[in-house]
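S.K.: Take a look at structure-v3.pdb, PDB, C-alpha atoms:
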ATOM      1  CA  MET A1438     -13.289 -15.947 -38.276
ATOM      2  CA  PRO A1439      -9.525 -16.512 -38.622
ATOM      3  CA  TYR A1440      -8.409 -18.532 -41.631
ATOM      4  CA  HIS A1441      -7.026 -21.467 -39.583
ATOM      5  CA  ALA A1442     -10.305 -21.698 -37.617
ATOM      6  CA  ARG A1443     -12.272 -21.879 -40.866
ATOM      7  CA  GLY A1444     -10.020 -24.698 -42.050
ATOM      8  CA  MET A1445     -10.533 -26.631 -38.815
ATOM      9  CA  LEU A1446     -14.294 -26.098 -39.018
ATOM     10  CA  CYS A1447     -14.303 -27.328 -42.615
ATOM     11  CA  ALA A1448     -12.301 -30.431 -41.596
ATOM     12  CA  LEU A1449     -14.752 -31.137 -38.766
ATOM     13  CA  ARG A1450     -17.687 -30.831 -41.158
ATOM     14  CA  LEU A1451     -16.050 -33.235 -43.626
ATOM     15  CA  GLU A1452     -15.305 -35.727 -40.847
ATOM     16  CA  ARG A1453     -18.921 -35.491 -39.656
ATOM     17  CA  MET A1454     -20.183 -36.069 -43.213
ATOM     18  CA  GLU A1455     -17.964 -39.159 -43.532
ATOM     19  CA  ILE A1456     -19.335 -40.534 -40.268
ATOM     20  CA  GLU A1457     -22.915 -39.839 -41.330
ATOM     21  CA  MET A1458     -22.337 -41.403 -44.742
ATOM     22  CA  ALA A1459     -20.784 -44.612 -43.398
ATOM     23  CA  LYS A1460     -22.797 -47.641 -44.416
ATOM     24  CA  LEU A1461     -24.816 -49.377 -41.747
ATOM     25  CA  ARG A1462     -23.804 -53.058 -41.357
ATOM     26  CA  VAL A1463     -26.985 -55.114 -41.364
ATOM     27  CA  GLY A1464     -26.843 -58.748 -40.306
ATOM     28  CA  ILE A1465     -29.626 -60.710 -41.970
ATOM     29  CA  VAL A1466     -30.347 -63.835 -39.895
ATOM     30  CA  PHE A1467     -32.211 -66.492 -41.877
ATOM     31  CA  GLY A1468     -32.811 -70.223 -42.178
ATOM     32  CA  GLY A1469     -33.233 -72.222 -38.986
ATOM     33  CA  LYS A1470     -34.380 -75.644 -37.840
ATOM     34  CA  SER A1471     -38.103 -75.196 -38.399
ATOM     35  CA  ALA A1472     -40.301 -76.615 -41.132
ATOM     36  CA  GLU A1473     -40.368 -73.052 -42.512
ATOM     37  CA  HIS A1474     -36.603 -73.078 -43.248
ATOM     38  CA  GLU A1475     -37.100 -72.714 -47.008
ATOM     39  CA  VAL A1476     -39.620 -69.874 -46.548
ATOM     40  CA  SER A1477     -36.983 -68.033 -44.512
ATOM     41  CA  LEU A1478     -34.373 -68.580 -47.255
ATOM     42  CA  GLN A1479     -36.755 -67.150 -49.849
ATOM     43  CA  SER A1480     -37.513 -64.162 -47.592
ATOM     44  CA  ALA A1481     -33.787 -63.500 -47.121
ATOM     45  CA  LYS A1482     -33.244 -63.722 -50.888
ATOM     46  CA  ASN A1483     -35.961 -61.126 -51.474
ATOM     47  CA  ILE A1484     -34.473 -58.782 -48.869
ATOM     48  CA  VAL A1485     -30.929 -59.143 -50.218
ATOM     49  CA  GLU A1486     -32.201 -58.329 -53.716
ATOM     50  CA  ALA A1487     -34.201 -55.304 -52.517
ATOM     51  CA  ILE A1488     -31.908 -53.707 -49.906
ATOM     52  CA  ASP A1489     -30.127 -50.491 -50.900
ATOM     53  CA  LYS A1490     -26.490 -51.589 -51.058
ATOM     54  CA  THR A1491     -25.322 -47.978 -51.366
ATOM     55  CA  ARG A1492     -26.577 -47.419 -47.799
ATOM     56  CA  PHE A1493     -26.147 -50.838 -46.183
ATOM     57  CA  ASP A1494     -23.403 -53.449 -45.962
ATOM     58  CA  VAL A1495     -25.154 -56.802 -45.748
ATOM     59  CA  VAL A1496     -23.782 -59.624 -43.603
ATOM     60  CA  LEU A1497     -25.604 -62.907 -44.182
ATOM     61  CA  LEU A1498     -25.946 -65.079 -41.088
ATOM     62  CA  GLY A1499     -27.473 -68.338 -42.254
ATOM     63  CA  ILE A1500     -28.727 -70.987 -39.837
ATOM     64  CA  ASP A1501     -28.707 -74.514 -41.231
ATOM     65  CA  LYS A1502     -31.318 -77.175 -40.445
ATOM     66  CA  GLN A1503     -29.147 -78.491 -37.601
ATOM     67  CA  GLY A1504     -29.111 -75.056 -35.934
ATOM     68  CA  GLN A1505     -25.491 -74.160 -36.793
ATOM     69  CA  TRP A1506     -24.894 -70.485 -37.607
ATOM     70  CA  HIS A1507     -22.753 -69.633 -40.648
ATOM     71  CA  ILE A1508     -21.461 -66.540 -42.384
ATOM     72  CA  SER A1509     -22.761 -66.904 -45.909
ATOM     73  CA  ASP A1510     -21.284 -65.424 -49.073
ATOM     74  CA  ALA A1511     -23.666 -62.774 -50.391
ATOM     75  CA  GLN A1512     -22.957 -63.766 -53.999
ATOM     76  CA  ASN A1513     -23.375 -67.500 -53.547
ATOM     77  CA  TYR A1514     -25.367 -68.404 -50.426
ATOM     78  CA  LEU A1515     -28.275 -70.362 -51.872
ATOM     79  CA  LEU A1516     -28.648 -73.542 -53.887
ATOM     80  CA  ASN A1517     -31.543 -73.682 -56.371
ATOM     81  CA  ALA A1518     -32.320 -70.026 -55.604
ATOM     82  CA  GLN A1519     -34.771 -69.711 -58.503
ATOM     83  CA  ASP A1520     -36.866 -72.697 -57.414
ATOM     84  CA  PRO A1521     -38.784 -72.061 -54.146
ATOM     85  CA  ALA A1522     -39.567 -75.785 -53.836
ATOM     86  CA  ARG A1523     -35.862 -76.758 -53.933
ATOM     87  CA  ILE A1524     -34.161 -73.689 -52.432
ATOM     88  CA  ALA A1525     -31.428 -74.597 -49.910
ATOM     89  CA  LEU A1526     -28.690 -72.942 -47.866
ATOM     90  CA  ARG A1527     -25.284 -73.492 -49.475
ATOM     91  CA  PRO A1528     -22.807 -75.034 -47.010
ATOM     92  CA  SER A1529     -20.346 -72.509 -45.562
ATOM     93  CA  ASP A1530     -16.814 -72.950 -44.235
ATOM     94  CA  THR A1531     -17.353 -70.339 -41.515
ATOM     95  CA  THR A1532     -19.373 -71.495 -38.514
ATOM     96  CA  LEU A1533     -20.217 -68.917 -35.855
ATOM     97  CA  ALA A1534     -20.224 -69.168 -32.079
ATOM     98  CA  HIS A1535     -21.985 -66.755 -29.721
ATOM     99  CA  ILE A1536     -20.146 -65.200 -26.791
ATOM    100  CA  PRO A1537     -22.693 -63.907 -24.250
ATOM    101  CA  GLY A1538     -22.092 -60.903 -22.040
ATOM    102  CA  LYS A1539     -19.642 -58.924 -24.151
ATOM    103  CA  GLU A1540     -20.484 -55.539 -25.575
ATOM    104  CA  HIS A1541     -18.508 -56.060 -28.793
ATOM    105  CA  HIS A1542     -17.829 -59.086 -30.979
ATOM    106  CA  GLN A1543     -20.676 -61.201 -29.660
ATOM    107  CA  MET A1544     -20.168 -63.569 -32.569
ATOM    108  CA  ILE A1545     -16.882 -65.258 -33.417
ATOM    109  CA  ASP A1546     -15.609 -67.651 -36.061
ATOM    110  CA  ALA A1547     -15.926 -70.978 -34.239
ATOM    111  CA  ALA A1548     -12.809 -72.444 -35.884
ATOM    112  CA  SER A1549     -10.362 -69.539 -35.530
ATOM    113  CA  GLY A1550     -11.833 -67.708 -32.541
ATOM    114  CA  GLN A1551     -11.616 -64.466 -34.513
ATOM    115  CA  PRO A1552     -14.411 -61.989 -33.803
ATOM    116  CA  LEU A1553     -16.915 -61.133 -36.486
ATOM    117  CA  ASP A1554     -16.722 -57.479 -37.516
ATOM    118  CA  ALA A1555     -19.253 -55.407 -35.597
ATOM    119  CA  ILE A1556     -22.807 -55.488 -36.903
ATOM    120  CA  ASP A1557     -24.928 -52.385 -36.370
ATOM    121  CA  VAL A1558     -28.333 -54.048 -36.497
ATOM    122  CA  ILE A1559     -29.796 -57.530 -36.988
ATOM    123  CA  PHE A1560     -32.670 -58.158 -39.400
ATOM    124  CA  PRO A1561     -34.173 -61.476 -38.214
ATOM    125  CA  ILE A1562     -35.911 -63.425 -40.979
ATOM    126  CA  VAL A1563     -36.082 -66.714 -39.102
ATOM    127  CA  HIS A1564     -39.471 -68.354 -38.835
ATOM    128  CA  ARG A1565     -40.154 -70.074 -35.500
ATOM    129  CA  TYR A1566     -36.567 -70.054 -34.198
ATOM    130  CA  ALA A1567     -36.189 -72.804 -31.590
ATOM    131  CA  ARG A1568     -39.956 -73.395 -31.699
ATOM    132  CA  ARG A1569     -40.685 -69.754 -30.883
ATOM    133  CA  ARG A1570     -39.415 -66.802 -32.872
ATOM    134  CA  CYS A1571     -39.159 -64.713 -29.713
ATOM    135  CA  SER A1572     -36.260 -66.954 -28.595
ATOM    136  CA  LEU A1573     -34.106 -65.276 -31.240
ATOM    137  CA  GLN A1574     -35.095 -61.793 -30.044
ATOM    138  CA  GLY A1575     -34.259 -62.821 -26.482
ATOM    139  CA  MET A1576     -30.836 -64.078 -27.540
ATOM    140  CA  LEU A1577     -30.161 -60.879 -29.509
ATOM    141  CA  ARG A1578     -31.309 -58.743 -26.575
ATOM    142  CA  MET A1579     -28.984 -60.620 -24.187
ATOM    143  CA  ALA A1580     -26.087 -60.226 -26.652
ATOM    144  CA  ASN A1581     -26.671 -56.438 -26.819
ATOM    145  CA  LEU A1582     -27.358 -56.653 -30.554
ATOM    146  CA  PRO A1583     -30.014 -54.219 -31.783
ATOM    147  CA  PHE A1584     -32.582 -55.739 -34.133
ATOM    148  CA  VAL A1585     -35.557 -54.718 -36.237
ATOM    149  CA  GLY A1586     -39.090 -55.918 -35.649
ATOM    150  CA  SER A1587     -40.997 -56.898 -32.557
ATOM    151  CA  ASP A1588     -39.300 -57.313 -29.205
ATOM    152  CA  VAL A1589     -39.493 -60.467 -27.104
ATOM    153  CA  LEU A1590     -42.962 -59.882 -25.624
ATOM    154  CA  GLY A1591     -44.603 -58.897 -28.912
ATOM    155  CA  SER A1592     -43.071 -61.846 -30.722
ATOM    156  CA  ALA A1593     -44.071 -64.281 -27.981
ATOM    157  CA  ALA A1594     -47.657 -63.043 -27.931
ATOM    158  CA  CYS A1595     -48.012 -63.149 -31.705
ATOM    159  CA  MET A1596     -46.536 -66.636 -32.079
ATOM    160  CA  ASP A1597     -49.445 -68.035 -30.073
ATOM    161  CA  LYS A1598     -52.468 -67.435 -32.295
ATOM    162  CA  ASP A1599     -54.924 -68.060 -29.450
ATOM    163  CA  VAL A1600     -53.229 -65.442 -27.245
ATOM    164  CA  THR A1601     -53.023 -63.009 -30.165
ATOM    165  CA  LYS A1602     -56.734 -63.305 -30.975
ATOM    166  CA  ARG A1603     -57.710 -62.901 -27.321
ATOM    167  CA  LEU A1604     -55.488 -59.829 -26.896
ATOM    168  CA  LEU A1605     -56.895 -58.224 -30.043
ATOM    169  CA  ARG A1606     -60.480 -59.068 -29.050
ATOM    170  CA  ASP A1607     -59.980 -57.751 -25.506
ATOM    171  CA  ALA A1608     -58.499 -54.539 -26.910
ATOM    172  CA  GLY A1609     -61.759 -53.964 -28.787
ATOM    173  CA  LEU A1610     -60.627 -54.926 -32.279
ATOM    174  CA  ALA A1611     -62.991 -56.855 -34.503
ATOM    175  CA  ILE A1612     -61.765 -60.390 -35.182
ATOM    176  CA  ALA A1613     -63.314 -63.400 -36.869
ATOM    177  CA  PRO A1614     -64.891 -66.000 -34.585
ATOM    178  CA  PHE A1615     -62.413 -68.716 -33.648
ATOM    179  CA  VAL A1616     -62.038 -71.992 -31.803
ATOM    180  CA  THR A1617     -58.759 -73.083 -30.250
ATOM    181  CA  LEU A1618     -57.802 -76.746 -30.352
ATOM    182  CA  THR A1619     -54.962 -78.038 -28.208
ATOM    183  CA  ARG A1620     -53.393 -81.447 -27.756
ATOM    184  CA  ARG A1621     -54.165 -81.331 -24.056
ATOM    185  CA  LYS A1622     -57.847 -80.484 -24.486
ATOM    186  CA  PRO A1623     -59.097 -81.764 -27.832
ATOM    187  CA  ARG A1624     -62.561 -80.567 -28.662
ATOM    188  CA  GLN A1625     -65.094 -82.087 -30.925
ATOM    189  CA  LEU A1626     -66.028 -79.745 -33.726
ATOM    190  CA  HIS A1627     -69.553 -79.599 -35.065
ATOM    191  CA  LEU A1628     -69.259 -78.090 -38.506
TER     192      LEU A1628
END
I need this file expressed as structure tokens, please.
M.R.:
Amino acid sequence: MPYHARGMLCALRLERMEIEMAKLRVGIVFGGKSAEHEVSLQSAKNIVEAIDKTRFDVVLLGIDKQGQWHISDAQNYLLNAQDPARIALRPSDTTLAHIPGKEHHQMIDAASGQPLDAIDVIFPIVHRYARRRCSLQGMLRMANLPFVGSDVLGSAACMDKDVTKRLLRDAGLAIAPFVTLTRRKPRQLHL
């Protein structure tokens, strides 16, 4: 192989290695309006502490109790972080807005209109987003943002414990006996 061809091949290999070694930008979505807001904050804290920061750039996307999305500072995003009973999302100056239908920059800074740097994958840690966790997956799917975990159908089925138990039972899996109580059809229990 001629010398100049070997040099070009070596440069291509180095460029490929740089591309392969680029850190994946992971957006961790946490918080939310549900009663499980604090549980979600604690879950996000555990993930941030455990994630391999040599392989992943973490972008914290906190949702406050009013449903506003914020970019949170990875070094200072929680109040009372060591006390699960008092843990809280620290207020952020950067509120996000969602722009549906675009392939890039689906999230922008609501104040400046500047797009958020591209995120490679979303790690949703929101419990019962908008009453059903699958709503978040649906929004992410519509925004063309890849995410980890169950898709819309799996999340929807598993949020309804009655549906989940029936699906598992009908698939032949052993489950504990259960009774479903609803507000529409209250049943009298004989214990």
S.K.: Pick the closest to Tyr1514 in chain A from A:His1535, A:Lys1502, A:Arg1527, A:Lys1602: which is it, counting only C-alpha atoms?
M.R.: A:Arg1527
S.K.: Would you compute the distance between CA of Ala1593 in chain A and CA of Leu1497 in chain A? Give it in Å to one decimal.
M.R.: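 These atoms are spaced 24.6 Å apart.
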S.K.: Given all atoms listed in the file, how would the per-residue table for range 1505-1571 of chain A near range 1463-1483 of chain A read, listing every residue at most 12 Å away with its closest atom pair and distance in Å to one decimal, sorted by chain and number, as a tab-separated table?
M.R.:
residue	atom	partner	partner_atom	distance
A:Gln1505	CA	A:Gly1469	CA	8.3
A:Trp1506	CA	A:Gly1469	CA	8.6
A:His1507	CA	A:Val1466	CA	9.6
A:Ile1508	CA	A:Val1466	CA	9.6
A:Ser1509	CA	A:Ile1465	CA	10.1
A:Asp1510	CA	A:Ile1465	CA	11.9
A:Ala1511	CA	A:Lys1482	CA	9.6
A:Gln1512	CA	A:Lys1482	CA	10.7
A:Asn1513	CA	A:Lys1482	CA	10.9
A:Tyr1514	CA	A:Lys1482	CA	9.2
A:Leu1515	CA	A:Leu1478	CA	7.9
A:Leu1516	CA	A:Leu1478	CA	10.1
A:Asn1517	CA	A:Gln1479	CA	10.6
A:Ala1518	CA	A:Gln1479	CA	7.8
A:Gln1519	CA	A:Gln1479	CA	9.2
A:Asp1520	CA	A:Gln1479	CA	9.4
A:Pro1521	CA	A:Gln1479	CA	6.8
A:Ala1522	CA	A:Glu1475	CA	7.9
A:Arg1523	CA	A:Glu1475	CA	8.1
A:Ile1524	CA	A:Glu1475	CA	6.2
A:Ala1525	CA	A:Glu1475	CA	6.6
A:Leu1526	CA	A:Leu1478	CA	7.2
A:Arg1527	CA	A:Leu1478	CA	10.6
A:Met1544	CA	A:Gly1464	CA	11.3
A:Leu1553	CA	A:Gly1464	CA	10.9
A:Asp1554	CA	A:Gly1464	CA	10.6
A:Ala1555	CA	A:Gly1464	CA	9.5
A:Ile1556	CA	A:Val1463	CA	6.1
A:Asp1557	CA	A:Val1463	CA	6.1
A:Val1558	CA	A:Val1463	CA	5.2
A:Ile1559	CA	A:Gly1464	CA	4.6
A:Phe1560	CA	A:Ile1465	CA	4.7
A:Pro1561	CA	A:Val1466	CA	4.8
A:Ile1562	CA	A:Phe1467	CA	4.9
A:Val1563	CA	A:Phe1467	CA	4.8
A:His1564	CA	A:Glu1473	CA	6.0
A:Arg1565	CA	A:Ser1471	CA	6.2
A:Tyr1566	CA	A:Gly1469	CA	6.2
A:Ala1567	CA	A:Lys1470	CA	7.1
A:Arg1568	CA	A:Ser1471	CA	7.2
A:Arg1569	CA	A:Ser1471	CA	9.6
A:Arg1570	CA	A:Ser1471	CA	10.1
S.K.: So how many Å separate CA of Asp1546 in chain A and CA of Thr1532 in chain A, to one decimal?
M.R.: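 Between CA of Asp1546 in chain A and CA of Thr1532 in chain A the gap is 5.9 Å.
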S.K.: For CA of Thr1601 in chain A and CA of Val1585 in chain A, quote the distance in Å rounded to one decimal.
M.R.: 20.3 Å
S.K.: Counting only C-alpha atoms, which residues come within 10 Å of (-59.6, -71.0, -32.4), with the point read in the file's coordinates, and could you list them as JSON, numbers by chain?
M.R.: {"A": [1598, 1599, 1600, 1602, 1603, 1613, 1614, 1615, 1616, 1617, 1618, 1619]}
S.K.: Would you list the contacts of range 1548-1552 of chain A as a PyMOL selection string, taking every protein, DNA or RNA residue within 10 Å and counting only C-alpha atoms, but skipping same-chain residues closer than 4 positions in sequence?
M.R.: chain A and resi 1530-1536+1541-1544
S.K.: For a cut-off of 10 Å around (-22.0, -47.2, -48.6), file coordinates, pick out all residues using all atoms listed in the file and list them as a ChimeraX atom specification.
M.R.: /A:1458-1462,1489-1494
